[in-house]
Every structure is written in C-alpha cells, then in structure tokens.
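Reproduced below: final-v2.pdb, with PDB, C-alpha atoms.
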```
MODEL        1
ATOM      1  CA  MET A   1      -4.291  -4.964   1.176  1.00  0.00           C
ATOM      2  CA  LYS A   2      -1.924  -3.717   3.853  1.00  0.00           C
ATOM      3  CA  PHE A   3      -2.518  -2.275   7.325  1.00  0.00           C
ATOM      4  CA  THR A   4       0.061  -0.813   9.672  1.00  0.00           C
ATOM      5  CA  SER A   5      -0.445   0.755  13.066  1.00  0.00           C
ATOM      6  CA  THR A   6       1.078   4.118  12.088  1.00  0.00           C
ATOM      7  CA  ALA A   7      -2.250   5.594  10.961  1.00  0.00           C
ATOM      8  CA  PHE A   8      -4.146   4.466  14.060  1.00  0.00           C
ATOM      9  CA  THR A   9      -3.850   7.933  15.596  1.00  0.00           C
ATOM     10  CA  THR A  10      -5.478   9.567  18.582  1.00  0.00           C
ATOM     11  CA  LEU A  11      -8.104  10.972  16.228  1.00  0.00           C
ATOM     12  CA  ALA A  12      -9.456   7.443  15.856  1.00  0.00           C
ATOM     13  CA  LEU A  13      -9.562   6.666  19.567  1.00  0.00           C
ATOM     14  CA  PRO A  14     -12.808   8.448  20.583  1.00  0.00           C
ATOM     15  CA  THR A  15     -14.880   6.312  18.184  1.00  0.00           C
ATOM     16  CA  LEU A  16     -13.504   3.061  19.553  1.00  0.00           C
ATOM     17  CA  PHE A  17     -13.629   4.264  23.150  1.00  0.00           C
ATOM     18  CA  VAL A  18     -17.306   5.173  22.935  1.00  0.00           C
ATOM     19  CA  ALA A  19     -18.138   1.789  21.430  1.00  0.00           C
ATOM     20  CA  ASN A  20     -16.324   0.004  24.226  1.00  0.00           C
ATOM     21  CA  GLN A  21     -18.379   1.789  26.885  1.00  0.00           C
ATOM     22  CA  VAL A  22     -21.617   0.224  25.566  1.00  0.00           C
ATOM     23  CA  ALA A  23     -22.787  -3.000  27.167  1.00  0.00           C
ATOM     24  CA  ALA A  24     -22.645  -5.946  24.791  1.00  0.00           C
ATOM     25  CA  ILE A  25     -25.845  -6.807  22.945  1.00  0.00           C
ATOM     26  CA  CYS A  26     -27.177 -10.152  21.719  1.00  0.00           C
ATOM     27  CA  PRO A  27     -24.711 -12.446  23.536  1.00  0.00           C
ATOM     28  CA  GLY A  28     -23.978 -15.533  21.444  1.00  0.00           C
ATOM     29  CA  PHE A  29     -25.133 -13.858  18.217  1.00  0.00           C
ATOM     30  CA  ASN A  30     -23.292 -12.021  15.435  1.00  0.00           C
ATOM     31  CA  TYR A  31     -25.443  -8.899  15.132  1.00  0.00           C
ATOM     32  CA  GLY A  32     -28.531  -7.114  16.369  1.00  0.00           C
ATOM     33  CA  VAL A  33     -31.092  -5.019  14.474  1.00  0.00           C
ATOM     34  CA  GLY A  34     -32.542  -1.915  16.071  1.00  0.00           C
ATOM     35  CA  ASN A  35     -36.023  -0.509  15.672  1.00  0.00           C
ATOM     36  CA  ALA A  36     -37.284   1.893  12.999  1.00  0.00           C
ATOM     37  CA  ILE A  37     -35.678   5.365  13.157  1.00  0.00           C
ATOM     38  CA  SER A  38     -37.465   8.156  11.319  1.00  0.00           C
ATOM     39  CA  GLN A  39     -35.227  10.094   8.880  1.00  0.00           C
ATOM     40  CA  GLY A  40     -37.785  12.654   7.727  1.00  0.00           C
ATOM     41  CA  HIS A  41     -39.427  12.789   4.315  1.00  0.00           C
ATOM     42  CA  MET A  42     -38.351  12.388   0.708  1.00  0.00           C
ATOM     43  CA  GLY A  43     -41.113  14.173  -1.149  1.00  0.00           C
ATOM     44  CA  ASP A  44     -44.325  12.716   0.304  1.00  0.00           C
ATOM     45  CA  ALA A  45     -42.665   9.469   1.369  1.00  0.00           C
ATOM     46  CA  GLU A  46     -41.509   8.674   4.913  1.00  0.00           C
ATOM     47  CA  VAL A  47     -37.779   7.811   5.096  1.00  0.00           C
ATOM     48  CA  THR A  48     -36.961   5.176   7.723  1.00  0.00           C
ATOM     49  CA  ARG A  49     -33.667   3.699   8.924  1.00  0.00           C
ATOM     50  CA  TRP A  50     -32.872   0.370  10.601  1.00  0.00           C
ATOM     51  CA  ASN A  51     -29.348  -0.022  12.001  1.00  0.00           C
ATOM     52  CA  VAL A  52     -27.456  -3.309  12.197  1.00  0.00           C
ATOM     53  CA  TYR A  53     -25.070  -3.360  15.194  1.00  0.00           C
ATOM     54  CA  ASP A  54     -22.203  -5.622  16.180  1.00  0.00           C
ATOM     55  CA  ASP A  55     -22.056  -6.816  19.787  1.00  0.00           C
ATOM     56  CA  SER A  56     -20.299  -3.589  20.868  1.00  0.00           C
ATOM     57  CA  CYS A  57     -23.020  -1.364  19.365  1.00  0.00           C
ATOM     58  CA  ASN A  58     -20.967  -0.221  16.362  1.00  0.00           C
ATOM     59  CA  VAL A  59     -23.214   0.384  13.325  1.00  0.00           C
ATOM     60  CA  VAL A  60     -21.908  -2.070  10.715  1.00  0.00           C
ATOM     61  CA  ASP A  61     -24.752  -2.115   8.184  1.00  0.00           C
ATOM     62  CA  GLY A  62     -28.364  -1.071   7.828  1.00  0.00           C
ATOM     63  CA  LEU A  63     -31.171  -0.003   5.568  1.00  0.00           C
ATOM     64  CA  THR A  64     -32.494   3.487   4.789  1.00  0.00           C
ATOM     65  CA  THR A  65     -35.594   3.324   2.626  1.00  0.00           C
ATOM     66  CA  THR A  66     -39.022   4.681   1.797  1.00  0.00           C
ATOM     67  CA  GLU A  67     -40.178   1.134   0.990  1.00  0.00           C
ATOM     68  CA  ASN A  68     -41.334  -1.888   2.976  1.00  0.00           C
ATOM     69  CA  PRO A  69     -38.147  -3.253   4.638  1.00  0.00           C
ATOM     70  CA  CYS A  70     -39.498  -6.813   4.390  1.00  0.00           C
ATOM     71  CA  THR A  71     -39.259  -6.714   0.583  1.00  0.00           C
ATOM     72  CA  SER A  72     -36.024  -4.707   0.355  1.00  0.00           C
ATOM     73  CA  GLY A  73     -33.671  -7.685   0.035  1.00  0.00           C
ATOM     74  CA  THR A  74     -31.726  -6.741   3.179  1.00  0.00           C
ATOM     75  CA  PHE A  75     -34.345  -8.122   5.569  1.00  0.00           C
ATOM     76  CA  GLY A  76     -36.922 -10.871   5.473  1.00  0.00           C
ATOM     77  CA  CYS A  77     -39.944 -10.936   7.788  1.00  0.00           C
ATOM     78  CA  THR A  78     -42.308 -13.246   9.616  1.00  0.00           C
ATOM     79  CA  PRO A  79     -46.089 -13.151   9.129  1.00  0.00           C
ATOM     80  CA  PRO A  80     -47.918 -10.775  11.544  1.00  0.00           C
ATOM     81  CA  PRO A  81     -46.965  -9.854  14.205  1.00  0.00           C
ATOM     82  CA  ILE A  82     -44.109  -8.843  11.901  1.00  0.00           C
ATOM     83  CA  LYS A  83     -40.487  -9.333  12.995  1.00  0.00           C
ATOM     84  CA  PHE A  84     -37.304  -9.559  10.953  1.00  0.00           C
ATOM     85  CA  ASN A  85     -36.349 -13.234  10.526  1.00  0.00           C
ATOM     86  CA  ARG A  86     -33.557 -12.940   7.962  1.00  0.00           C
ATOM     87  CA  TYR A  87     -30.709 -10.508   7.273  1.00  0.00           C
ATOM     88  CA  THR A  88     -28.474 -10.441   4.174  1.00  0.00           C
ATOM     89  CA  ASN A  89     -25.193  -8.628   4.792  1.00  0.00           C
ATOM     90  CA  THR A  90     -24.868  -5.767   2.294  1.00  0.00           C
ATOM     91  CA  PHE A  91     -21.105  -6.225   1.903  1.00  0.00           C
ATOM     92  CA  THR A  92     -20.620 -10.027   1.914  1.00  0.00           C
ATOM     93  CA  GLY A  93     -23.978 -11.443   0.828  1.00  0.00           C
ATOM     94  CA  LEU A  94     -23.968 -13.797   3.838  1.00  0.00           C
ATOM     95  CA  ILE A  95     -27.392 -14.623   5.243  1.00  0.00           C
ATOM     96  CA  TYR A  96     -28.218 -14.628   8.964  1.00  0.00           C
ATOM     97  CA  GLU A  97     -31.218 -16.033  10.840  1.00  0.00           C
ATOM     98  CA  CYS A  98     -32.924 -13.516  13.139  1.00  0.00           C
ATOM     99  CA  ARG A  99     -35.075 -13.908  16.226  1.00  0.00           C
ATOM    100  CA  PRO A 100     -36.034 -12.006  19.384  1.00  0.00           C
ATOM    101  CA  ASP A 101     -33.874 -12.755  22.423  1.00  0.00           C
ATOM    102  CA  PRO A 102     -34.488 -11.825  26.071  1.00  0.00           C
ATOM    103  CA  ASN A 103     -30.900 -10.582  26.398  1.00  0.00           C
ATOM    104  CA  SER A 104     -30.926  -8.493  23.207  1.00  0.00           C
ATOM    105  CA  GLY A 105     -30.339  -5.174  25.027  1.00  0.00           C
ATOM    106  CA  LYS A 106     -30.124  -1.769  23.393  1.00  0.00           C
ATOM    107  CA  CYS A 107     -27.623   0.581  21.736  1.00  0.00           C
ATOM    108  CA  GLY A 108     -28.132   4.048  23.145  1.00  0.00           C
ATOM    109  CA  ASN A 109     -31.872   4.645  22.839  1.00  0.00           C
ATOM    110  CA  ASP A 110     -32.275   2.074  20.063  1.00  0.00           C
ATOM    111  CA  VAL A 111     -33.823  -1.073  21.541  1.00  0.00           C
ATOM    112  CA  ILE A 112     -32.670  -4.196  19.682  1.00  0.00           C
ATOM    113  CA  SER A 113     -35.634  -5.871  18.023  1.00  0.00           C
ATOM    114  CA  VAL A 114     -33.962  -9.140  16.937  1.00  0.00           C
ATOM    115  CA  CYS A 115     -30.573 -10.847  17.255  1.00  0.00           C
ATOM    116  CA  MET A 116     -28.889 -12.511  14.280  1.00  0.00           C
ATOM    117  CA  LYS A 117     -26.686 -15.548  13.913  1.00  0.00           C
ATOM    118  CA  PHE A 118     -24.871 -17.026  10.932  1.00  0.00           C
ATOM    119  CA  THR A 119     -24.826 -20.770  10.421  1.00  0.00           C
ATOM    120  CA  SER A 120     -23.525 -22.663   7.402  1.00  0.00           C
ATOM    121  CA  THR A 121     -27.038 -23.914   6.732  1.00  0.00           C
ATOM    122  CA  VAL A 122     -28.190 -20.423   5.743  1.00  0.00           C
ATOM    123  CA  PHE A 123     -25.251 -19.814   3.375  1.00  0.00           C
ATOM    124  CA  THR A 124     -27.460 -20.762   0.455  1.00  0.00           C
ATOM    125  CA  ALA A 125     -27.326 -20.131  -3.265  1.00  0.00           C
ATOM    126  CA  LEU A 126     -29.083 -16.836  -2.552  1.00  0.00           C
ATOM    127  CA  ALA A 127     -25.801 -15.460  -1.220  1.00  0.00           C
ATOM    128  CA  LEU A 128     -23.638 -16.692  -4.074  1.00  0.00           C
ATOM    129  CA  PRO A 129     -24.483 -14.146  -6.815  1.00  0.00           C
ATOM    130  CA  THR A 130     -23.212 -11.231  -4.694  1.00  0.00           C
ATOM    131  CA  LEU A 131     -19.912 -12.941  -3.939  1.00  0.00           C
ATOM    132  CA  PHE A 132     -19.493 -14.160  -7.495  1.00  0.00           C
ATOM    133  CA  VAL A 133     -20.043 -10.724  -9.008  1.00  0.00           C
ATOM    134  CA  ALA A 134     -17.504  -9.177  -6.663  1.00  0.00           C
ATOM    135  CA  ASN A 135     -14.876 -11.701  -7.689  1.00  0.00           C
ATOM    136  CA  GLN A 136     -15.372 -10.961 -11.375  1.00  0.00           C
ATOM    137  CA  VAL A 137     -14.405  -7.284 -10.998  1.00  0.00           C
ATOM    138  CA  ALA A 138     -10.838  -6.276 -11.824  1.00  0.00           C
ATOM    139  CA  ALA A 139      -8.873  -5.028  -8.828  1.00  0.00           C
ATOM    140  CA  ILE A 140      -8.803  -1.275  -8.205  1.00  0.00           C
ATOM    141  CA  CYS A 141      -6.126   0.914  -6.587  1.00  0.00           C
ATOM    142  CA  PRO A 142      -3.265  -1.627  -6.585  1.00  0.00           C
ATOM    143  CA  GLY A 143      -1.065  -1.167  -3.519  1.00  0.00           C
ATOM    144  CA  PHE A 144      -3.776   0.732  -1.621  1.00  0.00           C
ATOM    145  CA  ASN A 145      -6.359  -0.306   0.955  1.00  0.00           C
ATOM    146  CA  PHE A 146      -9.473   1.336  -0.491  1.00  0.00           C
ATOM    147  CA  GLY A 147     -10.830   3.433  -3.351  1.00  0.00           C
ATOM    148  CA  ILE A 148     -13.516   6.139  -3.229  1.00  0.00           C
ATOM    149  CA  GLY A 149     -15.908   6.539  -6.127  1.00  0.00           C
ATOM    150  CA  ASN A 150     -17.467   9.693  -7.518  1.00  0.00           C
ATOM    151  CA  VAL A 151     -20.676  11.334  -6.356  1.00  0.00           C
ATOM    152  CA  ILE A 152     -23.879   9.333  -7.005  1.00  0.00           C
ATOM    153  CA  PRO A 153     -27.164  11.321  -6.902  1.00  0.00           C
ATOM    154  CA  GLU A 154     -29.762   9.661  -4.619  1.00  0.00           C
ATOM    155  CA  GLY A 155     -32.704  12.022  -5.186  1.00  0.00           C
ATOM    156  CA  LYS A 156     -33.991  14.649  -2.760  1.00  0.00           C
ATOM    157  CA  LEU A 157     -34.781  14.889   0.941  1.00  0.00           C
ATOM    158  CA  GLY A 158     -37.224  17.787   1.083  1.00  0.00           C
ATOM    159  CA  ASP A 159     -35.489  20.535  -0.920  1.00  0.00           C
ATOM    160  CA  ALA A 160     -32.003  19.154  -0.339  1.00  0.00           C
ATOM    161  CA  GLU A 161     -30.037  17.003  -2.776  1.00  0.00           C
ATOM    162  CA  VAL A 162     -29.039  13.609  -1.377  1.00  0.00           C
ATOM    163  CA  SER A 163     -25.634  12.363  -2.598  1.00  0.00           C
ATOM    164  CA  ARG A 164     -23.721   9.127  -2.049  1.00  0.00           C
ATOM    165  CA  TRP A 165     -19.998   8.305  -2.156  1.00  0.00           C
ATOM    166  CA  ASN A 166     -19.047   4.616  -1.996  1.00  0.00           C
ATOM    167  CA  VAL A 167     -15.836   3.293  -0.457  1.00  0.00           C
ATOM    168  CA  TYR A 168     -14.662   0.083  -2.174  1.00  0.00           C
ATOM    169  CA  ASN A 169     -12.105  -2.560  -1.309  1.00  0.00           C
ATOM    170  CA  ASP A 170      -9.780  -3.783  -4.054  1.00  0.00           C
ATOM    171  CA  ASN A 171     -12.421  -6.250  -5.324  1.00  0.00           C
ATOM    172  CA  CYS A 172     -15.041  -3.500  -5.738  1.00  0.00           C
ATOM    173  CA  ASP A 173     -17.105  -4.624  -2.739  1.00  0.00           C
ATOM    174  CA  ILE A 174     -18.757  -1.619  -1.053  1.00  0.00           C
ATOM    175  CA  VAL A 175     -17.346  -1.595   2.481  1.00  0.00           C
ATOM    176  CA  ASP A 176     -18.245   1.909   3.666  1.00  0.00           C
ATOM    177  CA  GLY A 177     -19.533   5.203   2.343  1.00  0.00           C
ATOM    178  CA  LEU A 178     -21.439   8.399   2.971  1.00  0.00           C
ATOM    179  CA  THR A 179     -25.018   9.328   2.083  1.00  0.00           C
ATOM    180  CA  THR A 180     -25.689  12.952   2.968  1.00  0.00           C
ATOM    181  CA  THR A 181     -27.295  16.257   2.098  1.00  0.00           C
ATOM    182  CA  GLU A 182     -24.223  18.043   3.520  1.00  0.00           C
ATOM    183  CA  ASN A 183     -20.883  19.013   2.045  1.00  0.00           C
ATOM    184  CA  PRO A 184     -18.904  15.740   2.276  1.00  0.00           C
ATOM    185  CA  CYS A 185     -15.743  17.671   3.176  1.00  0.00           C
ATOM    186  CA  THR A 186     -17.353  19.123   6.310  1.00  0.00           C
ATOM    187  CA  SER A 187     -19.978  16.458   6.964  1.00  0.00           C
ATOM    188  CA  SER A 188     -20.869  15.818  10.605  1.00  0.00           C
ATOM    189  CA  SER A 189     -19.842  12.184  10.034  1.00  0.00           C
ATOM    190  CA  GLY A 190     -16.178  13.255   9.696  1.00  0.00           C
ATOM    191  CA  ILE A 191     -15.624  10.451   7.195  1.00  0.00           C
ATOM    192  CA  PHE A 192     -13.817  12.501   4.502  1.00  0.00           C
ATOM    193  CA  GLY A 193     -11.320  15.329   4.441  1.00  0.00           C
ATOM    194  CA  CYS A 194     -10.612  17.424   1.351  1.00  0.00           C
ATOM    195  CA  THR A 195      -7.896  19.418  -0.402  1.00  0.00           C
ATOM    196  CA  PRO A 196      -8.254  23.097  -1.357  1.00  0.00           C
ATOM    197  CA  PRO A 197      -9.709  23.655  -4.880  1.00  0.00           C
ATOM    198  CA  PRO A 198      -9.641  21.762  -7.180  1.00  0.00           C
ATOM    199  CA  ILE A 199     -11.272  19.705  -4.430  1.00  0.00           C
ATOM    200  CA  LYS A 200     -10.345  16.034  -3.950  1.00  0.00           C
ATOM    201  CA  PHE A 201     -10.744  13.750  -0.954  1.00  0.00           C
ATOM    202  CA  ASN A 202      -7.408  13.545   0.861  1.00  0.00           C
ATOM    203  CA  ARG A 203      -8.466  11.676   4.002  1.00  0.00           C
ATOM    204  CA  TYR A 204     -10.851   8.826   4.793  1.00  0.00           C
ATOM    205  CA  LYS A 205     -11.867   7.743   8.309  1.00  0.00           C
ATOM    206  CA  ASN A 206     -13.354   4.234   8.424  1.00  0.00           C
ATOM    207  CA  SER A 207     -16.855   4.403   9.931  1.00  0.00           C
ATOM    208  CA  PHE A 208     -16.483   1.065  11.705  1.00  0.00           C
ATOM    209  CA  THR A 209     -12.896   1.023  12.985  1.00  0.00           C
ATOM    210  CA  GLY A 210     -12.012   4.726  13.234  1.00  0.00           C
ATOM    211  CA  LEU A 211      -8.776   4.086  11.319  1.00  0.00           C
ATOM    212  CA  ILE A 212      -7.574   6.991   9.164  1.00  0.00           C
ATOM    213  CA  TYR A 213      -6.275   6.670   5.595  1.00  0.00           C
ATOM    214  CA  ASP A 214      -4.458   9.169   3.354  1.00  0.00           C
ATOM    215  CA  CYS A 215      -6.063   9.477  -0.096  1.00  0.00           C
ATOM    216  CA  ARG A 216      -4.780  10.671  -3.456  1.00  0.00           C
ATOM    217  CA  PRO A 217      -5.470  10.229  -7.186  1.00  0.00           C
ATOM    218  CA  ASP A 218      -3.639   7.334  -8.818  1.00  0.00           C
ATOM    219  CA  PRO A 219      -3.256   6.579 -12.547  1.00  0.00           C
ATOM    220  CA  ASN A 220      -4.217   2.931 -11.919  1.00  0.00           C
ATOM    221  CA  SER A 221      -7.260   3.670  -9.773  1.00  0.00           C
ATOM    222  CA  GLY A 222      -9.723   2.008 -12.181  1.00  0.00           C
ATOM    223  CA  LYS A 223     -13.478   1.836 -11.712  1.00  0.00           C
ATOM    224  CA  CYS A 224     -16.182  -0.312 -10.098  1.00  0.00           C
ATOM    225  CA  GLY A 225     -18.951  -0.816 -12.617  1.00  0.00           C
ATOM    226  CA  ASP A 226     -19.752   2.688 -13.863  1.00  0.00           C
ATOM    227  CA  ASP A 227     -18.310   4.351 -10.769  1.00  0.00           C
ATOM    228  CA  VAL A 228     -14.893   5.787 -11.650  1.00  0.00           C
ATOM    229  CA  ILE A 229     -12.568   5.803  -8.635  1.00  0.00           C
ATOM    230  CA  SER A 230     -11.641   9.386  -7.742  1.00  0.00           C
ATOM    231  CA  VAL A 231      -8.918   8.662  -5.167  1.00  0.00           C
ATOM    232  CA  CYS A 232      -7.119   5.681  -3.649  1.00  0.00           C
ATOM    233  CA  CYS A 233      -6.516   5.464   0.107  1.00  0.00           C
ATOM    234  CA  ARG A 234      -3.812   3.797   2.196  1.00  0.00           C
ATOM    235  CA  ASN A 235      -2.535   4.112   5.745  1.00  0.00           C
ATOM    236  CA  ASP A 236       1.092   3.031   5.715  1.00  0.00           C
ATOM    237  CA  GLY A 237       2.517   6.523   5.144  1.00  0.00           C
ATOM    238  CA  ASN A 238       3.582   5.931   1.499  1.00  0.00           C
TER
ENDMDL
END
```

Give the structure from the file, written as structure tokens.
Amino acid sequence: MKFTSTAFTTLALPTLFVANQVAAICPGFNYGVGNAISQGHMGDAEVTRWNVYDDSCNVVDGLTTTENPCTSGTFGCTPPPIKFNRYTNTFTGLIYECRPDPNSGKCGNDVISVCMKFTSTVFTALALPTLFVANQVAAICPGFNFGIGNVIPEGKLGDAEVSRWNVYNDNCDIVDGLTTTENPCTSSSGIFGCTPPPIKFNRYKNSFTGLIYDCRPDPNSGKCGDDVISVCCRNDGN
C-alpha cells in the first residue's frame, strides 16, 4: 500500500489538532479504556460503548454491545470488583494486559478505567487465528490503500435501522468503518463522501489519522468473505 503527503489536506488538520491538545493518558502503556458510555436502547436492551484510546486520546478501537463486555471477546475481566484485565485488538488480534494506573487520566469527560500494555508473553495462541485468517484472504483493490464493503444490516436502534460499512486493508483486515442510523453520505462522522445518483462512495476520511482518500469502483476490487467491495480508495492522486 502507498501513502503520499498530497492528500493530507487542511480538511484533515482539525482532527489531528484536537487530539494533540489532549494531555497524554496512561504514560508507559499502549492504550487506555474508558468507562461505559450509554448509547440508548436496541429494543428492550441497553446499548453500551467502551472506547479504547491511544495515548493522545484518539479513539482507535472499542466495543458497542448489548451484552456483558467481559464475555464479548474484546475484553476480559477480573472477579468482583470487576475491572478489565485483558484487551484483544479488533484489527490485529494482539492481546494486551490491563490494569488501573494512578496516572491513567481522562479523554474529555471519559475517565480512563484501565491502562493496557502489550508484552510478548501475552501474544499467545489465542491471537493467532485472527492473524492467520487474515493472511489467507486474497488481496483486494490492487494498487489502492483501502476497500469499502457494502452495507451490512446491524438490526434496529429504537425505530431506526442500524447499518455498518467496513473499511478493509488489502489483506481484508477491518481497519475502520461506520456504524450508524444516519445517511452515510451526510453522517456526522464525516467519514464518507458520495457521488450524485447512482450513489457511490467517492471519498473516505480515516477516523484515526484524518487522512483523506479518493474512492472509485475498480474491476479488480474483489471481496472480503461475503462482503463485496463497492469502491477502492487511494490518496496519491491517481
């Protein structure tokens, strides 16, 4: 995959600037996990979100669920009083040990509950299936940076339909995406831009870096599992 500075426009700068104004969290650790954030209801079930932050308070991963987070696979927990003690990165499968730290800090109003650190001792066989599966998938979007899949229904949030679009790297690892009840073309996240009808994504803004990519259909786009790639995205101007 190729990156050039030409697409790192002023549109991307506010995201990075805001992140840089936040005091560092969890010094000496890789990540921090915030506290439970209520996301409303899905039917009768309470929807809750936990954000995973890097040390500059950028959201780099997380879990949104109606289930017990301790049995979700993303987090592991201690006995009562319950704290997260393990985190499995959604994108890499790497496993991190978690613990409270007096210098954990907070991101905005989200107080960091535990800090997380990766050591080679926790890179166990539990992480290997995720990495192995990714490496067995044929490359998508040759010559591009990323591919965007098609809409995936995620159920309902009240009366609203919840939809998901995954952003994949060329090995079909999910590296970003959008879950929303809004129109993805005008979503408050600003992650995608769209063409006039027949509508296709024509722009992708990376949630973590703020970098902007031009997107278009490509005859060699391929698919990740059952998710057919709708457009391929690159940022070198070609």

For the provided coordinates, the residues matched by the PyMOL selection byres ((chain A and resi 216-222) around 8) should be stated as a PyMOL selection string. chain A and resi 139-142+147+200-202+214-215+223-224+228-233

Distance table requested - range 58-127 of chain A against range 37-43 of chain A, cut-off 10 Å, all atoms listed in the file: one row per qualifying residue with the closest atom pair and its distance in Å to one decimal, ordered by chain and rising residue number, as a Markdown table.
```
| residue | atom | partner | partner_atom | distance |
| --- | --- | --- | --- | --- |
| A:Thr64 | CA | A:Gln39 | CA | 8.2 |
| A:Thr65 | CA | A:Gln39 | CA | 9.2 |
| A:Thr66 | CA | A:Met42 | CA | 7.8 |
| A:Asp110 | CA | A:Ile37 | CA | 8.4 |
```

Please determine, counting all atoms listed in the file, which residue among A:Gly190, A:Gly32, A:Pro196, A:Gly210 has the shortest atom-to-atom distance to Pro100 in chain A.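 Checking each candidate against Pro100 in chain A, we get A:Gly32 as the closest.
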
Coordinates-based distance that separates CA of Thr90 in chain A from CA of Asn58 in chain A (Å, one decimal): 15.6 Å

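Our summary of the geometry notes that CA of Tyr204 in chain A is positioned 9.0 Å from CA of Arg234 in chain A.
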
Residue nearest Asp44 in chain A among A:Lys83, A:Lys106, A:Lys117, A:Lys156 (counting all atoms listed in the file):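 Of all the options, A:Lys156 lies closest to Asp44 in chain A.
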
Between CA of Pro153 in chain A and CA of Thr92 in chain A, what distance in Å does the model show, to one decimal?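 Atom-to-atom, CA of Pro153 in chain A to CA of Thr92 in chain A, that is 24.0 Å.
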
Let me make sure I understand: among A:Pro27, A:Tyr213, A:Val167, A:Glu161, which one has the smallest atom-to-atom distance to Asn183 in chain A if we use only C-alpha atoms?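 Residue with the minimum atom-to-atom distance to Asn183 in chain A: A:Glu161.
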
Suppose a student applies the PyMOL selection byres ((chain A and resi 109) around 12) to this structure; what residues should they get, written as a PyMOL selection string? chain A and resi 22+34-37+57+105-108+110-112

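Against this structure, the PyMOL selection byres ((chain A and resi 87) around 7) ends up with Thr74, Phe75, Gly76, Arg86, Thr88, Asn89, Ile95, Tyr96, Glu97 and Cys98 of chain A.
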
Each side padded by 3 Å, which centre and which edge lengths in Å (one decimal) define the axis-aligned box around the listed atoms of range 68-86 of chain A? Give them as lines of an AutoDock Vina configuration file.
```
center_x = -39.8
center_y = -7.6
center_z = 7.1
size_x = 22.2
size_y = 17.4
size_z = 20.2
```

Restricting the calculation to all atoms listed in the file, which member of A:Asp176, A:Asp101, A:Asp170, A:Glu67 is positioned closest to Ser113 in chain A?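 Ranking A:Asp176, A:Asp101, A:Asp170, A:Glu67 by distance to Ser113 in chain A, first place goes to A:Asp101.
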
Could you list, as number ranges by chain, every residue within 10 Å of Asn103 in chain A, counting only C-alpha atoms and ignoring same-chain residues fewer than 4 positions away? A: 24-28, 112, 115

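For the residues A:Pro184, A:Thr78, A:Phe91, A:Pro102, ranking by smallest atom-to-atom distance to Tyr168 in chain A using all atoms listed in the file places A:Phe91 first.
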
Would you mind exporting range 79-93 of chain A with N, CA, C and O atoms, as a JSON list (two decimals), in the first residue's frame?
```
[["chain", "number", "residue", "atom", "x", "y", "z"],
["A", 79, "PRO", "N", -12.37, -10.99, 38.71],
["A", 79, "PRO", "CA", -13.52, -11.23, 39.60],
["A", 79, "PRO", "C", -13.93, -9.91, 40.25],
["A", 79, "PRO", "O", -13.19, -8.91, 40.19],
["A", 80, "PRO", "N", -15.13, -9.86, 40.91],
["A", 80, "PRO", "CA", -15.56, -8.63, 41.57],
["A", 80, "PRO", "C", -14.53, -8.17, 42.61],
["A", 80, "PRO", "O", -13.94, -9.02, 43.27],
["A", 81, "PRO", "N", -14.29, -6.85, 42.73],
["A", 81, "PRO", "CA", -14.89, -5.75, 41.95],
["A", 81, "PRO", "C", -14.35, -5.75, 40.52],
["A", 81, "PRO", "O", -13.14, -5.71, 40.31],
["A", 82, "ILE", "N", -15.26, -5.82, 39.55],
["A", 82, "ILE", "CA", -14.90, -6.11, 38.16],
["A", 82, "ILE", "C", -14.14, -4.97, 37.51],
["A", 82, "ILE", "O", -14.55, -3.81, 37.57],
["A", 83, "LYS", "N", -13.00, -5.32, 36.89],
["A", 83, "LYS", "CA", -12.21, -4.40, 36.06],
["A", 83, "LYS", "C", -11.78, -5.18, 34.82],
["A", 83, "LYS", "O", -11.62, -6.41, 34.86],
["A", 84, "PHE", "N", -11.58, -4.48, 33.71],
["A", 84, "PHE", "CA", -10.99, -5.13, 32.55],
["A", 84, "PHE", "C", -9.54, -5.50, 32.88],
["A", 84, "PHE", "O", -8.79, -4.67, 33.41],
["A", 85, "ASN", "N", -9.15, -6.75, 32.54],
["A", 85, "ASN", "CA", -7.76, -7.16, 32.74],
["A", 85, "ASN", "C", -7.10, -7.68, 31.47],
["A", 85, "ASN", "O", -5.93, -8.06, 31.49],
["A", 86, "ARG", "N", -7.87, -7.67, 30.37],
["A", 86, "ARG", "CA", -7.32, -8.13, 29.09],
["A", 86, "ARG", "C", -8.07, -7.44, 27.96],
["A", 86, "ARG", "O", -9.27, -7.21, 28.02],
["A", 87, "TYR", "N", -7.33, -7.10, 26.91],
["A", 87, "TYR", "CA", -7.91, -6.46, 25.72],
["A", 87, "TYR", "C", -7.32, -7.14, 24.49],
["A", 87, "TYR", "O", -6.10, -7.27, 24.36],
["A", 88, "THR", "N", -8.20, -7.59, 23.57],
["A", 88, "THR", "CA", -7.77, -8.15, 22.29],
["A", 88, "THR", "C", -8.08, -7.15, 21.19],
["A", 88, "THR", "O", -9.24, -6.79, 20.98],
["A", 89, "ASN", "N", -7.03, -6.67, 20.52],
["A", 89, "ASN", "CA", -7.21, -5.66, 19.48],
["A", 89, "ASN", "C", -8.07, -6.23, 18.34],
["A", 89, "ASN", "O", -7.79, -7.31, 17.81],
["A", 90, "THR", "N", -9.13, -5.51, 17.99],
["A", 90, "THR", "CA", -10.08, -5.96, 16.98],
["A", 90, "THR", "C", -9.43, -6.15, 15.61],
["A", 90, "THR", "O", -9.84, -7.00, 14.83],
["A", 91, "PHE", "N", -8.41, -5.36, 15.30],
["A", 91, "PHE", "CA", -7.83, -5.34, 13.97],
["A", 91, "PHE", "C", -6.63, -6.27, 13.82],
["A", 91, "PHE", "O", -6.41, -6.85, 12.76],
["A", 92, "THR", "N", -5.84, -6.45, 14.90],
["A", 92, "THR", "CA", -4.61, -7.25, 14.80],
["A", 92, "THR", "C", -4.68, -8.57, 15.53],
["A", 92, "THR", "O", -3.88, -9.46, 15.27],
["A", 93, "GLY", "N", -5.61, -8.70, 16.48],
["A", 93, "GLY", "CA", -5.67, -9.91, 17.30],
["A", 93, "GLY", "C", -4.66, -9.92, 18.44],
["A", 93, "GLY", "O", -4.64, -10.86, 19.23]]
```
